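Here the structure is laid out as structure tokens; the discussion comes afterwards.
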Amino acid sequence: MSMDWRRAIHMLKWLILCPSWMPKPHSYSSLSSYERCPRQYAYKYVEKVPVPEMKVDWRMQTGSIVHAVLEFAYLKSSKTKKMEWEKIQEELMQQWKESIALSPTPVSLEELQPFVQKSMENIQYYYHS
């Protein structure tokens, strides 16, 4: 029985004093990255190639927002009554604010006004037809 605790202390010392050249344990994301694409894994975890920051394509984001707002309007309205236009506008602005907040690059609602306007026009076209 006395060997067990001595072995445990020895193992604990080894873990604490583990040299930096020892391989680090793999995370779930690193293993799934390797499963998807071994080359991608090598770039990210072995060669440590820096990945450029992804920029948001606001044209695509506009489409995603329009779809989300139309889905919101469809799910919240009944078969006999359309959702009020004001609630749809509120949801549209909420979607834009969330997208801006999640953007990796700082951007203001004023800078995206042409995209906001286009999304409003698309939803108006759908709503009034």
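Ligands are numbered from 1 in the order shown, residues from 1 within each chain, and chains are lettered A, B, ... in the order they appear in the structure tokens.
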
Could you go through chain A and tell me which residues DSSP, when run on the backbone, assigns to alpha helix (DSSP H), listing them as a VMD selection string?
chain A and resid 2 to 16 28 to 36 38 to 41 58 to 76 85 to 102 113 to 127

Which residues are close to Arg39 in chain A, i.e. within 12 Å by only C-alpha atoms, leaving aside same-chain residues fewer than 6 positions away? Reply as a PyMOL selection string.
chain A and resi 30+33+45-49

Kindly save the residues from that selection, with all heavy atoms included, as a PDB file, in the first residue's frame.
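Saved file out36.pdb follows:
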ATOM      1  N   SER A  30      -8.750  20.371 -31.787  1.00  0.00           N
ATOM      2  CA  SER A  30      -7.579  19.990 -32.578  1.00  0.00           C
ATOM      3  C   SER A  30      -7.773  18.616 -33.212  1.00  0.00           C
ATOM      4  O   SER A  30      -7.392  18.383 -34.355  1.00  0.00           O
ATOM      5  CB  SER A  30      -6.310  20.022 -31.729  1.00  0.00           C
ATOM      6  OG  SER A  30      -6.300  18.970 -30.785  1.00  0.00           O
ATOM      7  N   SER A  33     -10.215  18.936 -36.023  1.00  0.00           N
ATOM      8  CA  SER A  33      -9.540  19.605 -37.137  1.00  0.00           C
ATOM      9  C   SER A  33      -8.720  18.599 -37.937  1.00  0.00           C
ATOM     10  O   SER A  33      -8.723  18.611 -39.162  1.00  0.00           O
ATOM     11  CB  SER A  33      -8.647  20.720 -36.597  1.00  0.00           C
ATOM     12  OG  SER A  33      -7.863  21.272 -37.617  1.00  0.00           O
ATOM     13  N   TYR A  45      -1.660  23.712 -35.808  1.00  0.00           N
ATOM     14  CA  TYR A  45      -1.114  23.236 -34.537  1.00  0.00           C
ATOM     15  C   TYR A  45       0.368  22.863 -34.593  1.00  0.00           C
ATOM     16  O   TYR A  45       1.032  22.875 -33.569  1.00  0.00           O
ATOM     17  CB  TYR A  45      -1.921  22.040 -34.034  1.00  0.00           C
ATOM     18  CG  TYR A  45      -3.346  22.410 -33.693  1.00  0.00           C
ATOM     19  CD1 TYR A  45      -4.383  22.153 -34.579  1.00  0.00           C
ATOM     20  CD2 TYR A  45      -3.638  23.052 -32.509  1.00  0.00           C
ATOM     21  CE1 TYR A  45      -5.679  22.507 -34.273  1.00  0.00           C
ATOM     22  CE2 TYR A  45      -4.932  23.423 -32.189  1.00  0.00           C
ATOM     23  CZ  TYR A  45      -5.951  23.139 -33.080  1.00  0.00           C
ATOM     24  OH  TYR A  45      -7.230  23.507 -32.767  1.00  0.00           O
ATOM     25  N   VAL A  46       0.886  22.520 -35.756  1.00  0.00           N
ATOM     26  CA  VAL A  46       2.293  22.122 -35.847  1.00  0.00           C
ATOM     27  C   VAL A  46       3.136  23.300 -36.324  1.00  0.00           C
ATOM     28  O   VAL A  46       4.072  23.731 -35.652  1.00  0.00           O
ATOM     29  CB  VAL A  46       2.466  20.897 -36.781  1.00  0.00           C
ATOM     30  CG1 VAL A  46       3.933  20.527 -36.909  1.00  0.00           C
ATOM     31  CG2 VAL A  46       1.656  19.720 -36.264  1.00  0.00           C
ATOM     32  N   GLU A  47       2.770  23.842 -37.496  1.00  0.00           N
ATOM     33  CA  GLU A  47       3.549  24.948 -38.066  1.00  0.00           C
ATOM     34  C   GLU A  47       3.146  26.299 -37.491  1.00  0.00           C
ATOM     35  O   GLU A  47       3.860  27.283 -37.663  1.00  0.00           O
ATOM     36  CB  GLU A  47       3.390  24.936 -39.587  1.00  0.00           C
ATOM     37  CG  GLU A  47       3.903  23.650 -40.212  1.00  0.00           C
ATOM     38  CD  GLU A  47       3.547  23.520 -41.677  1.00  0.00           C
ATOM     39  OE1 GLU A  47       3.233  24.544 -42.317  1.00  0.00           O
ATOM     40  OE2 GLU A  47       3.574  22.383 -42.166  1.00  0.00           O
ATOM     41  N   LYS A  48       1.991  26.356 -36.868  1.00  0.00           N
ATOM     42  CA  LYS A  48       1.466  27.576 -36.244  1.00  0.00           C
ATOM     43  C   LYS A  48       1.451  28.766 -37.202  1.00  0.00           C
ATOM     44  O   LYS A  48       1.906  29.866 -36.884  1.00  0.00           O
ATOM     45  CB  LYS A  48       2.228  27.898 -34.969  1.00  0.00           C
ATOM     46  CG  LYS A  48       2.135  26.793 -33.928  1.00  0.00           C
ATOM     47  CD  LYS A  48       2.682  27.233 -32.609  1.00  0.00           C
ATOM     48  CE  LYS A  48       2.740  26.174 -31.561  1.00  0.00           C
ATOM     49  NZ  LYS A  48       1.792  25.156 -31.473  1.00  0.00           N
ATOM     50  N   VAL A  49       0.919  28.521 -38.391  1.00  0.00           N
ATOM     51  CA  VAL A  49       0.779  29.569 -39.401  1.00  0.00           C
ATOM     52  C   VAL A  49      -0.324  30.523 -38.944  1.00  0.00           C
ATOM     53  O   VAL A  49      -1.423  30.082 -38.613  1.00  0.00           O
ATOM     54  CB  VAL A  49       0.424  28.951 -40.783  1.00  0.00           C
ATOM     55  CG1 VAL A  49       0.149  30.032 -41.801  1.00  0.00           C
ATOM     56  CG2 VAL A  49       1.524  28.027 -41.241  1.00  0.00           C
TER      57      VAL A  49
END

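For the set A:Glu84, A:Glu111, A:Glu91, A:Glu53, the residue with the smallest atom-to-atom gap to Val69 in chain A is A:Glu91, counting only C-alpha atoms.
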
Return the single residue from A:His128, A:Gln61, A:Pro104, A:Lys97 that is closest to Met83 in chain A, with distances computed using only C-alpha atoms.
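Comparing A:His128, A:Gln61, A:Pro104, A:Lys97 against Met83 in chain A, the winner is A:His128.
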
Who sits within 9 Å of Gln95 in chain A, only C-alpha atoms, same chain under 3 positions skipped, as a PyMOL selection string:
chain A and resi 65-66+68-69+90-92+98-100

Any idea what the distance is between CA of Lys87 in chain A and CA of Val56 in chain A?
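Taking CA of Lys87 in chain A and CA of Val56 in chain A, their separation equals 26.6 Å.
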
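The coordinates place CA of Arg59 in chain A at 11.8 Å from CA of Gln117 in chain A.
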